[in-house]
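Participant: Provided below: work-v9.txt, containing compact mmCIF, C-alpha atoms.
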```
# COMPACT_ATOMS: atom_id res chain seq x y z
CA MET S 99 -44.29 7.99 111.93
CA MET S 100 -47.96 8.00 111.05
CA HIS S 101 -49.22 5.99 108.08
CA LEU S 102 -52.56 6.67 106.45
CA ARG S 103 -54.74 3.93 105.09
CA VAL S 104 -54.31 3.56 101.34
CA ASP S 105 -57.71 5.10 100.56
CA LEU S 106 -57.01 8.10 102.81
CA GLU S 107 -53.52 8.51 101.38
CA GLU S 108 -54.94 8.57 97.85
CA ARG S 109 -57.58 11.09 98.89
CA PHE S 110 -54.98 13.28 100.59
CA LYS S 111 -52.76 13.17 97.49
CA GLN S 112 -55.69 14.09 95.27
CA GLU S 113 -56.71 17.02 97.48
CA LEU S 114 -53.10 18.19 97.71
CA ASP S 115 -52.76 18.05 93.92
CA GLU S 116 -55.93 20.11 93.57
CA LEU S 117 -54.68 22.65 96.10
CA GLU S 118 -51.31 22.95 94.37
CA GLU S 119 -53.05 23.42 91.03
CA SER S 120 -55.46 26.06 92.35
CA LEU S 121 -52.61 27.99 94.00
CA GLN S 122 -50.30 27.33 91.04
CA MET S 123 -47.50 26.31 93.37
CA PRO S 124 -46.30 23.03 94.83
CA TYR S 125 -46.61 22.28 98.52
CA VAL S 126 -43.21 21.64 100.05
CA THR S 127 -42.93 20.41 103.62
CA SER S 128 -40.44 21.99 106.00
CA VAL S 129 -38.41 18.77 105.92
CA GLU S 130 -38.23 18.92 102.11
CA ARG S 131 -37.21 22.59 102.23
CA ILE S 132 -34.42 21.87 104.70
CA ALA S 133 -33.17 18.91 102.64
CA LYS S 134 -33.20 20.96 99.44
CA THR S 135 -31.39 23.86 101.06
CA GLU S 136 -28.72 21.61 102.55
CA GLY S 137 -28.36 19.75 99.29
CA ARG S 138 -27.97 22.97 97.36
CA THR S 139 -25.29 24.43 99.55
CA GLU S 140 -23.35 21.19 99.83
CA GLY S 141 -23.93 19.92 96.33
CA ARG S 142 -23.45 23.14 94.45
CA THR S 143 -19.93 23.78 95.59
CA GLU S 144 -18.78 20.22 94.98
CA GLY S 145 -20.83 19.92 91.79
CA GLY S 146 -19.40 23.11 90.36
CA ALA S 147 -15.87 22.01 91.18
CA LEU S 148 -16.46 18.65 89.53
CA VAL S 149 -17.68 20.29 86.34
CA LEU S 150 -14.65 22.57 86.25
CA LEU S 151 -12.28 19.69 86.93
CA LYS S 152 -13.85 17.57 84.19
CA GLN S 153 -13.61 20.40 81.69
CA MET S 154 -9.98 21.04 82.55
CA ALA S 155 -9.13 17.33 82.45
CA LYS S 156 -10.65 17.07 78.99
CA ARG S 157 -8.55 19.99 77.85
CA TRP S 158 -5.23 19.35 79.63
CA GLY S 159 -5.48 15.93 81.28
CA MET S 160 -5.91 15.32 84.98
CA LEU S 161 -4.79 18.24 87.10
CA PRO S 162 -2.36 17.62 89.96
CA GLU S 163 -4.14 16.71 93.19
CA ASP S 164 -3.12 19.94 94.94
CA LEU S 165 -4.77 22.02 92.20
CA GLN S 166 -7.89 19.85 92.34
CA GLN S 167 -8.14 20.44 96.09
CA GLN S 168 -7.69 24.21 95.67
CA ILE S 169 -10.52 24.27 93.13
CA ARG S 170 -12.78 22.19 95.39
CA ARG S 171 -12.22 24.70 98.21
CA LEU S 172 -13.33 27.68 96.11
CA SER S 173 -16.64 29.33 96.90
CA LEU S 174 -19.42 29.25 94.31
CA GLU S 175 -18.56 32.80 93.33
CA GLN S 176 -14.90 31.91 92.85
CA GLN S 177 -15.79 28.79 90.86
CA ALA S 178 -17.96 30.89 88.55
CA ALA S 179 -15.12 33.36 88.04
CA LEU S 180 -12.68 30.53 87.33
CA GLY S 181 -15.17 28.94 84.94
CA GLU S 182 -15.22 32.14 82.90
CA ALA S 183 -11.49 32.75 83.13
CA VAL S 184 -10.57 29.22 82.08
CA LEU S 185 -12.03 29.91 78.63
CA ASP S 186 -9.06 32.20 78.02
CA PHE S 187 -6.42 29.86 79.46
CA ASP S 188 -3.97 27.96 77.27
CA THR S 189 -2.23 25.79 79.86
CA VAL S 190 -2.49 24.43 83.38
CA LYS S 191 0.06 27.10 84.36
CA ASP S 192 -2.65 29.69 83.64
CA VAL S 193 -4.91 27.89 86.13
CA GLU S 194 -2.13 27.87 88.72
CA SER S 195 -1.47 31.58 88.20
CA TRP S 196 -5.16 32.43 88.45
CA LEU S 197 -5.55 30.43 91.66
CA ALA S 198 -2.47 32.07 93.18
CA ALA S 199 -3.65 35.58 92.29
CA TYR S 200 -7.37 35.18 92.84
CA THR S 201 -7.29 33.35 96.16
CA HIS S 202 -4.78 35.83 97.60
CA THR S 203 -6.84 38.89 96.65
CA ASN S 204 -10.30 37.49 97.57
```
As structure tokens, how would this structure be written, given the file I've shared?

Facilitator:
Amino acid sequence: MMHLRVDLEERFKQELDELEESLQMPYVTSVERIAKTEGRTEGRTEGGALVLLKQMAKRWGMLPEDLQQQIRRLSLEQQAALGEAVLDFDTVKDVESWLAAYTHTN
């Protein structure tokens, strides 16, 4: 790894800031882009599942572990659909029925 002297690092940062401002867009290195992409695909699915599980736990208490695992395995698209559907659910049985029907047809 290469380290710049402090004065050169400050100058580089200043010039980069000016470039970003003139182009009206931030400079993102390829390493940052890769990390963001990987973080999005990994974090989104788990993050979405966690939000759903927290909402359901607040409404009905902790879901059984098998249901939690099924929800964690859903794609982002499926999680979004479940997130909308759960607004109409009255019980955990509705969640179970949705998972049974939705994961078999999709």

Participant: Pick the closest to Thr189 (chain S) from S:Leu102, S:Met154, S:Leu148, S:Leu121: which is it, counting all atoms listed in the file?

Facilitator: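 Of the candidates, the smallest distance to Thr189 (chain S) is held by S:Met154.
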
Participant: Under the rule that all atoms listed in the file are counted, which of S:Gln122, S:Gln166, S:Gln153, S:Thr201 is the nearest residue to Val184 (chain S)?

Facilitator: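 Under the stated criterion, the closest residue is S:Gln153.
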
Participant: For region 193-200 of chain S, please output as a VMD selection string all residues within 10 Å (counting all atoms listed in the file; exclusion window: fewer than 5 positions along the same chain).

Facilitator: chain S and resid 154 161 165 168 to 169 172 176 179 to 180 183 to 184 187 to 188

Participant: Those same residues, written as a PDB file, in the frame of the given file with C-alpha atoms?

Facilitator:
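Here's the written file out_2.pdb:
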```
ATOM      1  CA  MET S 154      -9.980  21.040  82.550  1.00  0.00           C
ATOM      2  CA  LEU S 161      -4.790  18.240  87.100  1.00  0.00           C
ATOM      3  CA  LEU S 165      -4.770  22.020  92.200  1.00  0.00           C
ATOM      4  CA  GLN S 168      -7.690  24.210  95.670  1.00  0.00           C
ATOM      5  CA  ILE S 169     -10.520  24.270  93.130  1.00  0.00           C
ATOM      6  CA  LEU S 172     -13.330  27.680  96.110  1.00  0.00           C
ATOM      7  CA  GLN S 176     -14.900  31.910  92.850  1.00  0.00           C
ATOM      8  CA  ALA S 179     -15.120  33.360  88.040  1.00  0.00           C
ATOM      9  CA  LEU S 180     -12.680  30.530  87.330  1.00  0.00           C
ATOM     10  CA  ALA S 183     -11.490  32.750  83.130  1.00  0.00           C
ATOM     11  CA  VAL S 184     -10.570  29.220  82.080  1.00  0.00           C
ATOM     12  CA  PHE S 187      -6.420  29.860  79.460  1.00  0.00           C
ATOM     13  CA  ASP S 188      -3.970  27.960  77.270  1.00  0.00           C
TER      14      ASP S 188
END
```

Participant: Between S:Gln112, S:Arg170, S:Glu182, S:Ser120, which has the minimum distance to Ala147 (chain S) (counting all atoms listed in the file)?

Facilitator: S:Arg170

Participant: Distance CA of Trp158 (chain S)-CA of Gly181 (chain S), one decimal place?

Facilitator: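 These two atoms are separated by 14.8 Å.
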
Participant: Record the distance separating CA of Met160 (chain S) and CA of Glu175 (chain S), expressed in Å with one decimal.

Facilitator: 23.1 Å
